[in-house]
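J.: So here's my_file_3.txt, just compact mmCIF, C-alpha atoms and all ligand atoms:
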# COMPACT_ATOMS: atom_id res chain seq x y z
CA MET L 1 -13.48 -34.53 4.77
CA THR L 2 -15.38 -32.05 6.91
CA TYR L 3 -14.62 -28.39 6.22
CA ASP L 4 -14.49 -25.89 9.07
CA PHE L 5 -16.98 -23.84 7.14
CA ILE L 6 -18.43 -23.27 3.73
CA LEU L 7 -19.23 -19.81 2.50
CA TYR L 8 -21.89 -20.30 -0.17
CA ASN L 9 -24.30 -18.29 -2.32
CA ILE L 10 -21.55 -15.83 -3.32
CA GLY L 11 -23.05 -13.69 -6.12
CA GLN L 12 -19.63 -12.85 -7.54
CA LEU L 13 -16.36 -14.28 -6.29
CA ILE L 14 -13.42 -12.14 -7.43
CA LEU L 15 -10.40 -14.30 -8.26
CA PRO L 16 -7.48 -12.22 -9.54
CA LYS L 17 -4.96 -14.26 -11.53
CA SER L 18 -1.80 -15.00 -9.70
CA LYS L 19 1.51 -15.16 -11.51
CA GLU L 20 5.19 -15.26 -10.59
CA ARG L 21 5.37 -11.62 -11.63
CA PRO L 22 2.92 -8.71 -11.47
CA LEU L 23 0.16 -8.41 -14.07
CA LYS L 24 1.35 -6.05 -16.77
CA GLY L 25 -0.45 -3.97 -19.36
CA GLN L 26 -3.32 -5.86 -21.00
CA GLU L 27 -3.12 -8.63 -18.38
CA MET L 28 -4.53 -6.12 -15.91
CA LYS L 29 -7.82 -6.17 -17.83
CA GLU L 30 -8.34 -9.82 -16.96
CA LEU L 31 -10.20 -10.66 -13.77
CA ASN L 32 -11.83 -14.01 -13.06
CA ILE L 33 -15.33 -13.61 -11.69
CA SER L 34 -17.04 -16.76 -10.56
CA GLU L 35 -20.83 -16.46 -10.20
CA ASN L 36 -22.94 -18.30 -7.62
CA ALA L 37 -19.72 -19.59 -6.08
CA ALA L 38 -18.69 -21.14 -2.77
CA ILE L 39 -15.49 -21.47 -0.74
CA GLY L 40 -14.58 -24.28 1.68
CA ILE L 41 -12.25 -23.33 4.53
CA SER L 42 -10.12 -25.67 6.64
CA ASP L 43 -7.40 -24.75 9.14
CA GLY L 44 -7.55 -21.11 8.12
CA LYS L 45 -6.83 -21.93 4.48
CA VAL L 46 -8.87 -22.12 1.30
CA ALA L 47 -9.52 -25.87 0.90
CA TRP L 48 -12.16 -25.94 -1.81
CA LEU L 49 -13.48 -23.59 -4.52
CA GLY L 50 -16.50 -24.32 -6.67
CA SER L 51 -20.15 -23.62 -7.31
CA SER L 52 -22.77 -23.19 -4.62
CA ILE L 53 -24.66 -26.17 -6.06
CA ASP L 54 -21.64 -28.48 -5.76
CA ALA L 55 -21.02 -27.18 -2.24
CA GLU L 56 -24.36 -28.58 -1.08
CA SER L 57 -22.98 -32.12 -0.94
CA LEU L 58 -19.87 -31.16 1.06
CA LYS L 59 -19.67 -31.77 4.79
CA ALA L 60 -18.96 -28.72 6.92
CA SER L 61 -19.11 -27.79 10.61
CA GLU L 62 -20.71 -24.48 9.67
CA ARG L 63 -22.34 -22.93 6.62
CA ILE L 64 -22.46 -19.19 5.97
CA ASP L 65 -24.86 -17.73 3.41
CA ALA L 66 -23.23 -14.85 1.49
CA GLN L 67 -26.73 -13.85 0.30
CA GLY L 68 -25.66 -13.28 -3.28
CA LYS L 69 -23.09 -10.62 -2.32
CA VAL L 70 -19.59 -10.06 -3.66
CA VAL L 71 -16.54 -11.74 -2.09
CA SER L 72 -12.94 -10.75 -2.85
CA PRO L 73 -9.50 -11.52 -1.46
CA GLY L 74 -8.55 -9.27 1.47
CA LEU L 75 -7.32 -5.98 0.02
CA VAL L 76 -3.63 -5.10 0.03
CA ASP L 77 -2.51 -1.52 0.76
CA PRO L 78 1.14 -1.37 -0.39
CA HIS L 79 2.05 2.19 0.69
CA THR L 80 1.15 3.72 4.06
CA HIS L 81 2.86 5.95 6.61
CA LEU L 82 0.96 4.28 9.45
CA VAL L 83 3.03 5.30 12.48
CA PHE L 84 3.28 9.01 13.37
CA GLY L 85 2.60 11.50 16.13
CA GLY L 86 0.19 14.42 15.98
CA SER L 87 -1.79 15.74 13.03
CA ARG L 88 -1.59 18.70 10.64
CA GLU L 89 -5.07 20.14 10.23
CA HIS L 90 -3.55 23.62 10.76
CA GLU L 91 -1.86 23.27 7.33
CA LEU L 92 -5.20 23.17 5.53
CA SER L 93 -5.50 26.96 5.54
CA LEU L 94 -1.96 27.26 4.11
CA LYS L 95 -2.95 24.88 1.34
CA GLN L 96 -6.10 26.91 0.71
CA ALA L 97 -3.95 30.04 0.45
CA GLY L 98 -2.02 28.27 -2.29
CA VAL L 99 1.24 27.56 -0.42
CA PRO L 100 2.78 24.56 -2.25
CA TYR L 101 3.52 21.28 -0.44
CA LEU L 102 7.29 21.60 -0.87
CA GLU L 103 7.17 25.23 0.33
CA ILE L 104 5.45 24.20 3.57
CA LEU L 105 8.20 21.61 4.02
CA ALA L 106 10.95 24.15 3.24
CA GLN L 107 9.51 26.39 5.98
CA GLY L 108 9.98 23.61 8.52
CA GLY L 109 6.34 22.47 8.40
CA GLY L 110 4.89 19.44 6.61
CA ILE L 111 6.86 16.26 7.20
CA LEU L 112 9.16 18.12 9.63
CA SER L 113 6.21 19.13 11.81
CA THR L 114 5.17 15.47 12.07
CA VAL L 115 8.80 14.60 12.85
CA SER L 116 8.68 16.82 15.97
CA ALA L 117 5.37 15.31 17.07
CA THR L 118 6.71 11.79 16.52
CA LYS L 119 9.89 12.51 18.48
CA ASN L 120 7.80 13.83 21.36
CA ALA L 121 5.42 10.85 21.46
CA SER L 122 6.22 7.78 23.56
CA GLU L 123 6.32 4.35 21.97
CA GLU L 124 3.07 3.51 23.77
CA GLU L 125 1.35 6.61 22.43
CA LEU L 126 2.49 5.84 18.88
CA LEU L 127 1.31 2.26 19.25
CA GLN L 128 -2.10 3.38 20.40
CA LYS L 129 -2.50 5.91 17.63
CA ALA L 130 -1.29 3.55 14.90
CA SER L 131 -3.64 0.85 16.25
CA PHE L 132 -6.57 3.20 15.81
CA HIS L 133 -5.66 3.84 12.16
CA LEU L 134 -4.85 0.19 11.50
CA GLU L 135 -8.22 -0.96 12.84
CA ARG L 136 -9.88 1.50 10.52
CA MET L 137 -7.89 0.13 7.55
CA ILE L 138 -9.04 -3.38 8.44
CA SER L 139 -12.64 -2.17 8.61
CA TYR L 140 -12.29 -1.06 4.97
CA GLY L 141 -11.28 -4.56 3.91
CA VAL L 142 -7.47 -4.46 4.12
CA THR L 143 -5.77 -7.60 5.49
CA THR L 144 -2.21 -6.92 4.24
CA MET L 145 -0.52 -3.53 4.38
CA GLU L 146 2.85 -1.86 4.25
CA ALA L 147 3.95 0.61 6.96
CA LYS L 148 6.84 3.06 6.66
CA SER L 149 8.96 4.84 9.24
CA GLY L 150 10.28 8.26 8.22
CA TYR L 151 8.99 10.64 10.88
CA GLY L 152 12.06 10.31 13.08
CA LEU L 153 15.01 11.20 10.87
CA ASP L 154 17.24 10.24 13.80
CA ALA L 155 18.29 6.81 14.97
CA GLU L 156 16.25 6.78 18.13
CA THR L 157 12.93 7.87 16.65
CA GLU L 158 13.23 5.85 13.44
CA LEU L 159 13.88 2.70 15.49
CA LYS L 160 10.99 3.63 17.79
CA GLN L 161 8.65 3.79 14.77
CA LEU L 162 9.92 0.46 13.45
CA ARG L 163 9.45 -1.15 16.88
CA VAL L 164 5.85 0.08 16.85
CA VAL L 165 5.33 -1.71 13.52
CA GLN L 166 6.77 -4.90 15.08
CA ARG L 167 4.35 -4.57 17.99
CA LEU L 168 1.43 -4.02 15.62
CA LYS L 169 2.40 -7.27 13.87
CA GLU L 170 2.16 -9.09 17.20
CA LYS L 171 -1.04 -7.35 18.21
CA TYR L 172 -3.11 -7.85 15.05
CA PRO L 173 -3.69 -10.95 12.93
CA VAL L 174 -2.95 -9.14 9.65
CA SER L 175 0.22 -9.00 7.53
CA ILE L 176 2.23 -5.82 7.96
CA ILE L 177 5.29 -5.25 5.81
CA SER L 178 7.77 -2.83 7.32
CA THR L 179 9.73 -0.24 5.33
CA PHE L 180 12.57 1.94 6.64
CA LEU L 181 12.09 5.46 5.27
CA GLY L 182 14.76 7.27 7.31
CA ALA L 183 15.53 9.23 4.11
CA HIS L 184 12.13 10.97 4.08
CA ALA L 185 13.27 14.60 4.55
CA ILE L 186 16.35 16.54 5.55
CA PRO L 187 16.27 17.52 9.22
CA PRO L 188 17.17 21.22 9.78
CA GLU L 189 20.45 20.34 11.50
CA PHE L 190 21.60 18.56 8.30
CA LYS L 191 20.58 21.25 5.84
CA GLY L 192 23.30 21.46 3.17
CA LYS L 193 24.82 18.24 4.54
CA GLU L 194 22.50 15.77 2.80
CA ALA L 195 25.24 13.25 2.01
CA GLN L 196 26.23 13.21 5.67
CA PHE L 197 22.62 12.68 6.72
CA LEU L 198 22.27 9.75 4.32
CA GLU L 199 25.44 8.19 5.76
CA HIS L 200 23.90 8.57 9.18
CA MET L 201 20.76 6.73 8.02
CA SER L 202 22.89 4.12 6.21
CA ASP L 203 24.60 3.37 9.52
CA LEU L 204 21.25 2.07 10.82
CA LEU L 205 20.79 -0.49 8.05
CA ASP L 206 22.81 -3.31 9.67
CA GLU L 207 20.97 -3.04 12.96
CA ILE L 208 17.58 -2.89 11.21
CA LYS L 209 18.49 -5.99 9.20
CA GLU L 210 19.84 -7.95 12.17
CA ARG L 211 16.78 -7.21 14.27
CA GLY L 212 14.38 -7.89 11.39
CA LEU L 213 12.83 -4.43 11.77
CA ALA L 214 12.21 -3.80 8.07
CA GLU L 215 12.01 -5.71 4.80
CA PHE L 216 12.22 -2.68 2.51
CA VAL L 217 14.16 0.60 2.29
CA ASP L 218 12.58 3.68 0.71
CA ILE L 219 13.73 7.26 -0.04
CA PHE L 220 11.94 10.50 -1.00
CA CYS L 221 13.68 11.42 -4.28
CA GLU L 222 12.40 14.91 -5.09
CA THR L 223 13.48 18.50 -5.72
CA GLY L 224 14.62 19.96 -2.41
CA VAL L 225 14.79 16.54 -0.77
CA PHE L 226 17.15 13.84 -2.15
CA THR L 227 18.68 13.87 -5.63
CA ILE L 228 18.84 11.00 -8.08
CA GLU L 229 22.53 10.40 -7.38
CA GLN L 230 22.03 10.41 -3.62
CA SER L 231 19.06 8.07 -4.00
CA ARG L 232 21.00 5.69 -6.26
CA LYS L 233 23.91 5.41 -3.85
CA TYR L 234 21.70 4.97 -0.80
CA LEU L 235 19.37 2.42 -2.38
CA GLN L 236 22.26 0.44 -3.90
CA LEU L 237 23.78 0.12 -0.43
CA ALA L 238 20.44 -1.05 0.97
CA LYS L 239 20.15 -3.57 -1.86
CA ASP L 240 23.66 -4.88 -1.15
CA LYS L 241 22.60 -5.40 2.46
CA GLY L 242 19.67 -7.53 1.36
CA PHE L 243 16.73 -5.12 1.58
CA GLY L 244 13.98 -4.86 -1.00
CA LEU L 245 13.72 -1.39 -2.54
CA LYS L 246 10.98 1.21 -2.85
CA ILE L 247 11.18 4.83 -3.91
CA HIS L 248 8.98 7.92 -3.63
CA ALA L 249 9.67 8.96 -7.21
CA ASP L 250 8.75 11.68 -9.70
CA GLU L 251 5.88 12.93 -7.56
CA ILE L 252 6.27 16.63 -8.27
CA ASP L 253 9.19 16.99 -10.68
CA PRO L 254 10.32 14.45 -13.30
CA LEU L 255 13.77 13.76 -11.82
CA GLY L 256 14.00 10.22 -13.22
CA GLY L 257 13.27 8.25 -10.05
CA THR L 258 11.09 5.92 -12.10
CA GLU L 259 14.02 4.94 -14.35
CA LEU L 260 16.25 4.61 -11.27
CA ALA L 261 13.76 2.23 -9.61
CA VAL L 262 13.65 -0.04 -12.67
CA SER L 263 17.43 -0.04 -13.09
CA LEU L 264 17.90 -1.06 -9.44
CA GLY L 265 15.20 -3.75 -9.68
CA ALA L 266 13.06 -2.04 -7.02
CA ALA L 267 9.85 -3.85 -6.03
CA SER L 268 7.96 -0.61 -6.57
CA ALA L 269 8.22 3.01 -7.67
CA ASP L 270 5.57 5.09 -5.99
CA HIS L 271 3.65 8.31 -6.90
CA LEU L 272 4.98 8.79 -10.50
CA VAL L 273 2.66 11.73 -11.24
CA ALA L 274 5.46 13.40 -13.21
CA ALA L 275 7.06 10.22 -14.59
CA SER L 276 8.50 10.84 -18.06
CA ASP L 277 7.68 8.93 -21.25
CA GLU L 278 11.07 7.26 -20.90
CA GLY L 279 10.28 6.28 -17.30
CA ILE L 280 7.00 4.69 -18.40
CA LYS L 281 8.78 2.80 -21.17
CA ARG L 282 11.26 1.42 -18.66
CA LEU L 283 8.45 0.34 -16.32
CA ALA L 284 6.93 -1.64 -19.18
CA GLU L 285 10.27 -3.37 -19.81
CA GLY L 286 10.99 -4.17 -16.16
CA SER L 287 9.14 -5.79 -13.29
CA THR L 288 8.98 -2.83 -10.91
CA VAL L 289 5.36 -2.14 -9.93
CA ALA L 290 4.08 1.42 -10.38
CA VAL L 291 2.26 2.13 -7.11
CA LEU L 292 -0.12 4.99 -7.87
CA LEU L 293 -1.55 7.18 -5.13
CA PRO L 294 -4.44 9.21 -6.58
CA GLY L 295 -5.65 10.12 -3.08
CA THR L 296 -2.48 12.17 -2.64
CA THR L 297 -2.92 14.07 -5.91
CA PHE L 298 -6.51 14.73 -4.90
CA TYR L 299 -5.58 15.86 -1.40
CA LEU L 300 -2.78 18.11 -2.64
CA GLY L 301 -5.36 19.77 -4.90
CA LYS L 302 -3.52 19.04 -8.13
CA ASP L 303 -5.15 18.69 -11.53
CA GLN L 304 -2.61 16.40 -13.11
CA TYR L 305 -2.80 12.77 -12.02
CA ALA L 306 -0.34 9.94 -12.71
CA ARG L 307 -0.67 8.74 -16.31
CA ALA L 308 -2.12 5.36 -15.43
CA ARG L 309 -3.70 4.85 -18.86
CA LYS L 310 -0.43 5.37 -20.66
CA MET L 311 1.36 3.13 -18.16
CA ILE L 312 -1.09 0.27 -18.58
CA ASP L 313 -1.49 0.72 -22.33
CA GLU L 314 2.29 0.60 -22.75
CA GLY L 315 2.61 -2.55 -20.64
CA ALA L 316 3.51 -1.46 -17.08
CA ALA L 317 2.24 -3.14 -13.90
CA VAL L 318 0.13 -0.76 -11.80
CA ALA L 319 -0.98 -1.07 -8.18
CA LEU L 320 -2.97 1.34 -5.99
CA ALA L 321 -2.43 2.46 -2.40
CA THR L 322 -3.74 5.01 0.08
CA ASP L 323 -0.37 6.63 0.99
CA PHE L 324 -2.15 7.17 4.32
CA ASN L 325 -0.19 9.90 6.15
CA PRO L 326 -0.94 13.07 8.18
CA GLY L 327 0.00 15.54 5.43
CA SER L 328 -0.57 14.61 1.83
CA CYS L 329 -3.31 11.97 2.09
CA VAL L 330 -5.30 11.71 5.26
CA THR L 331 -7.46 8.66 4.66
CA GLU L 332 -7.32 4.99 5.59
CA ASN L 333 -10.01 4.21 3.01
CA LEU L 334 -8.63 2.13 0.12
CA GLN L 335 -12.14 1.91 -1.38
CA MET L 336 -12.06 5.69 -1.80
CA ILE L 337 -8.78 5.27 -3.69
CA MET L 338 -10.52 2.72 -5.95
CA SER L 339 -13.09 5.40 -6.83
CA LEU L 340 -10.39 7.98 -7.53
CA ALA L 341 -8.60 5.43 -9.72
CA ALA L 342 -11.79 5.06 -11.77
CA LEU L 343 -12.58 8.78 -11.97
CA LYS L 344 -9.13 10.37 -12.16
CA LEU L 345 -6.82 7.62 -13.46
CA LYS L 346 -9.49 6.27 -15.85
CA MET L 347 -8.76 2.72 -14.80
CA SER L 348 -11.39 0.04 -15.46
CA ALA L 349 -12.98 -1.90 -12.60
CA GLU L 350 -10.92 -4.99 -13.55
CA GLU L 351 -7.66 -3.02 -13.53
CA ILE L 352 -8.57 -1.44 -10.21
CA TRP L 353 -9.28 -4.80 -8.52
CA ASN L 354 -5.97 -6.18 -9.79
CA GLY L 355 -4.34 -2.99 -8.51
CA VAL L 356 -5.52 -3.49 -4.92
CA THR L 357 -4.95 -7.25 -4.84
CA VAL L 358 -2.32 -9.18 -6.84
CA ASN L 359 -0.26 -6.24 -8.07
CA ALA L 360 -0.31 -4.60 -4.66
CA ALA L 361 0.92 -7.89 -3.17
CA HIS L 362 3.78 -7.98 -5.70
CA ALA L 363 4.73 -4.41 -4.78
CA ILE L 364 5.48 -5.57 -1.21
CA GLY L 365 6.89 -9.01 -1.99
CA LYS L 366 3.84 -10.89 -0.68
CA SER L 367 2.45 -12.36 -3.91
CA GLN L 368 2.81 -15.91 -2.57
CA GLU L 369 0.33 -15.36 0.22
CA ALA L 370 -1.84 -12.30 -0.43
CA GLY L 371 -3.87 -10.84 -3.28
CA THR L 372 -5.83 -13.84 -4.46
CA LEU L 373 -7.75 -16.89 -3.27
CA GLU L 374 -6.41 -20.28 -4.26
CA ILE L 375 -6.54 -23.72 -2.71
CA GLY L 376 -3.88 -23.92 -0.01
CA ARG L 377 -3.66 -20.16 0.50
CA ARG L 378 -4.50 -18.34 3.70
CA ALA L 379 -8.22 -17.56 3.70
CA ASP L 380 -8.15 -13.76 3.84
CA PHE L 381 -11.30 -12.41 2.25
CA VAL L 382 -13.99 -9.74 2.42
CA ILE L 383 -17.75 -10.02 2.00
CA TRP L 384 -18.91 -6.82 0.31
CA ASP L 385 -22.44 -5.54 0.66
CA VAL L 386 -22.70 -4.66 -3.03
CA PRO L 387 -24.48 -6.21 -6.03
CA ASN L 388 -21.40 -6.57 -8.26
CA TYR L 389 -17.67 -5.83 -8.37
CA GLN L 390 -18.06 -2.64 -10.43
CA TYR L 391 -20.18 -1.13 -7.67
CA ILE L 392 -17.35 -0.30 -5.23
CA PRO L 393 -15.47 2.28 -7.37
CA TYR L 394 -18.86 3.62 -8.46
CA HIS L 395 -20.39 4.40 -5.04
CA TYR L 396 -17.65 6.44 -3.41
CA GLY L 397 -16.61 7.65 0.02
CA VAL L 398 -18.43 5.06 2.12
CA ASN L 399 -17.51 1.65 3.48
CA HIS L 400 -18.97 -1.29 1.52
CA ALA L 401 -17.22 -4.00 3.57
CA GLN L 402 -19.72 -6.15 5.45
CA SER L 403 -17.24 -8.50 7.11
CA VAL L 404 -13.50 -9.05 6.87
CA PHE L 405 -11.95 -12.50 7.39
CA ARG L 406 -8.34 -13.33 8.18
CA SER L 407 -7.18 -16.97 8.08
CA GLY L 408 -10.82 -17.99 7.84
CA LYS L 409 -11.78 -16.13 11.05
CA LYS L 410 -13.98 -13.09 11.20
CA LEU L 411 -11.76 -10.13 12.02
CA TRP L 412 -14.25 -7.32 11.61
CA GLU L 413 -17.94 -6.81 10.83
O1 LIG L 501 4.14 9.92 0.24
N1 LIG L 501 6.04 12.42 -0.40
C1 LIG L 501 6.54 12.21 0.70
N2 LIG L 501 5.99 11.59 1.72
C2 LIG L 501 4.62 11.42 1.96
C3 LIG L 501 4.02 12.60 2.63
C4 LIG L 501 4.36 12.66 4.03
C5 LIG L 501 3.80 13.84 4.75
O2 LIG L 501 3.43 14.87 4.16
O3 LIG L 501 3.77 13.72 5.99
C6 LIG L 501 3.89 11.02 0.70
O4 LIG L 501 3.07 11.77 0.16
FE FE L 502 4.25 8.12 0.79
Kindly return the structure encoded in the file as C-alpha cells.
Ligand code: NIG
Ligand code: FE

T.:
Amino acid sequence: MTYDFILYNIGQLILPKSKERPLKGQEMKELNISENAAIGISDGKVAWLGSSIDAESLKASERIDAQGKVVSPGLVDPHTHLVFGGSREHELSLKQAGVPYLEILAQGGGILSTVSATKNASEEELLQKASFHLERMISYGVTTMEAKSGYGLDAETELKQLRVVQRLKEKYPVSIISTFLGAHAIPPEFKGKEAQFLEHMSDLLDEIKERGLAEFVDIFCETGVFTIEQSRKYLQLAKDKGFGLKIHADEIDPLGGTELAVSLGAASADHLVAASDEGIKRLAEGSTVAVLLPGTTFYLGKDQYARARKMIDEGAAVALATDFNPGSCVTENLQMIMSLAALKLKMSAEEIWNGVTVNAAHAIGKSQEAGTLEIGRRADFVIWDVPNYQYIPYHYGVNHAQSVFRSGKKLWE
C-alpha cells in the first residue's frame, strides 16, 4: 500500500487513551507518549502508527519531517460562545472599580449588552465576526469546538445565531457542535416572569430539533438568573426531546447545578467554581464531565478557582475549555487555558492534555471521532514547535502551534 503521506521524526507523539467513557480520576494521569514516532495517512485518516525507523520501509507519496517536534491530536474546545455582536471593552473600568459580574448584568449590561448588539447585527455580520474568531481558534490548534447561542433571548435572534453556526460548519473543515443557550439571561421584558420566558424558549426546541440546529441545550443556573427548579424542568424537557444536556453550573454561588447535571445525565457541567463537596462526590459517581474554565475565573479577577485537584483526586472526569465570550473570558487561546490549568488548577501536564483532548471530546459527544489518534480515525493533528509536551502549559500566552491538520490536510500554518 502507498500512503498519501508519512509524518516522521516526531519527537513525542501524544496519544491520549480513548475509552467508551471519559477518563476519570487517576486515569487522567495516564498519557501515552510515543518517542521518535511516525504516522501514515491515507484518505484523510490515520492508516498507520509506529516508529520512525519502521516508517522508512513504507511507501508514501509524500514524506514530512516533523524535525523532532511534538505532535498531538487536534485540540477540542468544548465550551465557547462563538457567535455574538459587538464587544464590551467599556466594562473593564467597571470591573476595575469592583462592580461584580452579576451586578453589571442586573444593571442591564453584561450579557444583555451583547444581546442588543447581536439583535442589531445582520446574519452576514455575525458570520463574518464569528469566522474571524473561529480562524483564530484553529490557529491555536483547535479542530473541534462547541458553539453556543444565547445572545438573542428571542426566537428570531437565537435562530439567527444557530444558523450562523450551521453556516460556519459548511464554511470550515472543522467539527462544530452547536448548543442552544436561549436560557442564558432574563431579558428585561420578562423580569419577574422567568417561568414564562423559559416556556417561550422551550417552544423553540421542536423547530431546533427538526432543523438540526443544535445537538445540546444549556442553561445559566445562577443566583439572579435561573433557579435549580427552573433549570431541572427546562433541561428535562430538552432531554425528553432528544437533546444532549449542558449546564452553566455553580459558577458564583453553590446552588447545586453540579448535582442536577449528574442526576439528569448531562454530558457536562461547566464552570463549577463553587461546586459543593456533595457535587464533587456525585461527579465522581456519574459520567458527567466537569468542564472547567480557569480563563473565566482569571478574567473575572477572582481568587478562588474550581477545585480541580479535589475533583480529580476524588474520581471525577475533568475537561478544559476557553469559554470564549465577549464578557467573562475574551480569548480564543486554549493553550493559555492549559497554562492557567497548570498554575491555578494545579493540574499536571498529563491531566491537562487529557482535558483538552479525550475528555473534552466526551463533553460534547464526539469521543468516537475527536480527541485521540487511532488507526481508522480522522487525521486531525497539530505539529507543535516545542521540545516536549510539558512545554506548552509552561511557556504561556503565546501560540506554539506550527501547523494544524484536518483530515490529513494542512488547515493552518
Ligand atoms: O460562561 N456565565 C454565563 N455566561 C458566560 C458569560 C457570557 C457573557 O458575559 O457574555 C460564561 O461565562
Ligand atoms: Fe459559558

J.: Residues within 10 Å of His395 in chain L, please, as a PDB file with C-alpha atoms, in the frame of the given file. Count all atoms listed in the file; anything in the same chain fewer than 3 positions from it doesn't count.

T.:
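Okay, this is what ended up in around.pdb:
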ATOM      1  CA  GLN L 335     -12.140   1.910  -1.380  1.00  0.00           C
ATOM      2  CA  MET L 336     -12.060   5.690  -1.800  1.00  0.00           C
ATOM      3  CA  SER L 339     -13.090   5.400  -6.830  1.00  0.00           C
ATOM      4  CA  VAL L 386     -22.700  -4.660  -3.030  1.00  0.00           C
ATOM      5  CA  GLN L 390     -18.060  -2.640 -10.430  1.00  0.00           C
ATOM      6  CA  TYR L 391     -20.180  -1.130  -7.670  1.00  0.00           C
ATOM      7  CA  ILE L 392     -17.350  -0.300  -5.230  1.00  0.00           C
ATOM      8  CA  VAL L 398     -18.430   5.060   2.120  1.00  0.00           C
ATOM      9  CA  ASN L 399     -17.510   1.650   3.480  1.00  0.00           C
ATOM     10  CA  HIS L 400     -18.970  -1.290   1.520  1.00  0.00           C
TER      11      HIS L 400
END

J.: As a PyMOL selection string, please: every protein or nucleic acid residue near ligand FE 502 (chain L) (cut-off 10 Å, counting all atoms listed in the file).

T.: chain L and resi 79-81+147-148+150+181+184+218-220+247-249+251+270-271+293+296+321-325+327-329

J.: Once you count all atoms listed in the file, what closest atom pair and distance in Å to one decimal does each residue of range 161-269 of chain L within 10 Å of range 120-143 of chain L have, with rows by chain and rising residue number, as a tab-separated table?

T.:
residue	atom	partner	partner_atom	distance
L:Gln161	CA	L:Glu123	CA	7.6
L:Arg163	CA	L:Glu123	CA	8.1
L:Val164	CA	L:Leu127	CA	5.6
L:Val165	CA	L:Leu127	CA	8.0
L:Gln166	CA	L:Leu127	CA	9.9
L:Arg167	CA	L:Leu127	CA	7.6
L:Leu168	CA	L:Ser131	CA	7.1
L:Lys171	CA	L:Ser131	CA	8.8
L:Tyr172	CA	L:Ser131	CA	8.8
L:Pro173	CA	L:Thr143	CA	8.4
L:Val174	CA	L:Thr143	CA	5.3
L:Ser175	CA	L:Thr143	CA	6.5
L:Ile176	CA	L:Thr143	CA	8.6

J.: Separation of CA of Leu15 in chain L and CA of Ile177 in chain L, in Å?

T.: 22.9 Å

J.: Rank L:Ile364, L:Met338, L:Leu272, L:Leu320 by their smallest atom-to-atom distance to Gly244 in chain L, using all atoms listed in the file, and report the top residue only.

T.: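 Among the listed residues, the smallest separation from Gly244 in chain L belongs to L:Ile364.
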
J.: Go through L:Asn359, L:Thr331, L:Thr223, L:Ser202 one by one, measure the shortest atom-to-atom distance of each to Ala267 in chain L using only C-alpha atoms, and give the residue with the smallest value.

T.: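 Looking at the shortest contact to Ala267 in chain L, the residue is L:Asn359.
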
J.: Compile the contact shell of range 302-315 of chain L as an mmCIF file with C-alpha atoms, in the frame of the given file: residues with an atom at most 8 Å away, counting all atoms listed in the file, same-chain residues fewer than 6 positions apart removed.

T.:
data_model
loop_
_atom_site.group_PDB
_atom_site.id
_atom_site.type_symbol
_atom_site.label_atom_id
_atom_site.label_comp_id
_atom_site.auth_asym_id
_atom_site.auth_seq_id
_atom_site.Cartn_x
_atom_site.Cartn_y
_atom_site.Cartn_z
ATOM 1 C CA LYS L 24 1.350 -6.050 -16.770
ATOM 2 C CA GLY L 25 -0.450 -3.970 -19.360
ATOM 3 C CA GLN L 26 -3.320 -5.860 -21.000
ATOM 4 C CA MET L 28 -4.530 -6.120 -15.910
ATOM 5 C CA HIS L 271 3.650 8.310 -6.900
ATOM 6 C CA LEU L 272 4.980 8.790 -10.500
ATOM 7 C CA VAL L 273 2.660 11.730 -11.240
ATOM 8 C CA ALA L 274 5.460 13.400 -13.210
ATOM 9 C CA ALA L 275 7.060 10.220 -14.590
ATOM 10 C CA ILE L 280 7.000 4.690 -18.400
ATOM 11 C CA LYS L 281 8.780 2.800 -21.170
ATOM 12 C CA LEU L 283 8.450 0.340 -16.320
ATOM 13 C CA ALA L 284 6.930 -1.640 -19.180
ATOM 14 C CA GLU L 285 10.270 -3.370 -19.810
ATOM 15 C CA LEU L 292 -0.120 4.990 -7.870
ATOM 16 C CA PRO L 294 -4.440 9.210 -6.580
ATOM 17 C CA LYS L 344 -9.130 10.370 -12.160
ATOM 18 C CA LEU L 345 -6.820 7.620 -13.460
ATOM 19 C CA LYS L 346 -9.490 6.270 -15.850
ATOM 20 C CA MET L 347 -8.760 2.720 -14.800
#

J.: Pick out the closest residue to ligand LIG 501 (chain L) from this set: L:Pro78, L:Pro387, L:Gly408, L:Gly192. Count all atoms listed in the file.

T.: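 Ranked by minimum distance to ligand LIG 501 (chain L), first place goes to L:Pro78.
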
J.: Would you pick out the contacts of range 86-101 of chain L at 7 Å or less, using all atoms listed in the file, so that residues sharing its chain but fewer than 6 positions from it are not included, and give the list as a short mmCIF file (atom, residue, chain, number, x, y, z; two decimals) with C-alpha atoms, keeping the file's coordinate frame?

T.:
data_model
loop_
_atom_site.label_atom_id
_atom_site.label_comp_id
_atom_site.auth_asym_id
_atom_site.auth_seq_id
_atom_site.Cartn_x
_atom_site.Cartn_y
_atom_site.Cartn_z
CA THR L 114 5.17 15.47 12.07
CA ALA L 117 5.37 15.31 17.07
CA PRO L 326 -0.94 13.07 8.18
CA GLY L 327 0.00 15.54 5.43
#

J.: Could you work out an axis-aligned box for range 104-120 of chain L, taking every atom the file lists and adding 4 Å on each side, and report centre and edge lengths in Å to one decimal, as AutoDock Vina command-line options?

T.:
--center_x 7.9 --center_y 19.1 --center_z 12.3 --size_x 14.1 --size_y 22.6 --size_z 26.1

J.: Which residue, L:Glu351, L:Glu210, L:Glu369, L:Glu374, has the smallest gap to Lys29 in chain L when you use all atoms listed in the file?

T.: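 Counting all atoms listed in the file, the residue closest to Lys29 in chain L is L:Glu351.
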
J.: Hey, which of L:Gln368, L:Gln67, L:Asn333, L:Thr118 ends up closest to ligand LIG 501 (chain L)? Count all atoms listed in the file.

T.: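 Among the listed residues, the smallest separation from ligand LIG 501 (chain L) belongs to L:Thr118.
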
J.: From the structure block, carefully write range 138-148 of chain L out with C-alpha atoms; format it as an mmCIF file, in the first residue's frame.

T.:
data_model
loop_
_atom_site.group_PDB
_atom_site.id
_atom_site.type_symbol
_atom_site.label_atom_id
_atom_site.label_comp_id
_atom_site.auth_asym_id
_atom_site.auth_seq_id
_atom_site.Cartn_x
_atom_site.Cartn_y
_atom_site.Cartn_z
ATOM 1 C CA ILE L 138 -7.916 26.981 14.577
ATOM 2 C CA SER L 139 -4.578 28.797 14.564
ATOM 3 C CA TYR L 140 -4.174 27.788 18.227
ATOM 4 C CA GLY L 141 -4.588 24.115 17.350
ATOM 5 C CA VAL L 142 -8.334 23.545 17.792
ATOM 6 C CA THR L 143 -10.022 21.298 15.208
ATOM 7 C CA THR L 144 -13.241 20.510 17.138
ATOM 8 C CA MET L 145 -15.213 23.071 19.117
ATOM 9 C CA GLU L 146 -18.596 23.720 20.630
ATOM 10 C CA ALA L 147 -20.507 26.951 19.902
ATOM 11 C CA LYS L 148 -23.461 28.267 21.913
#
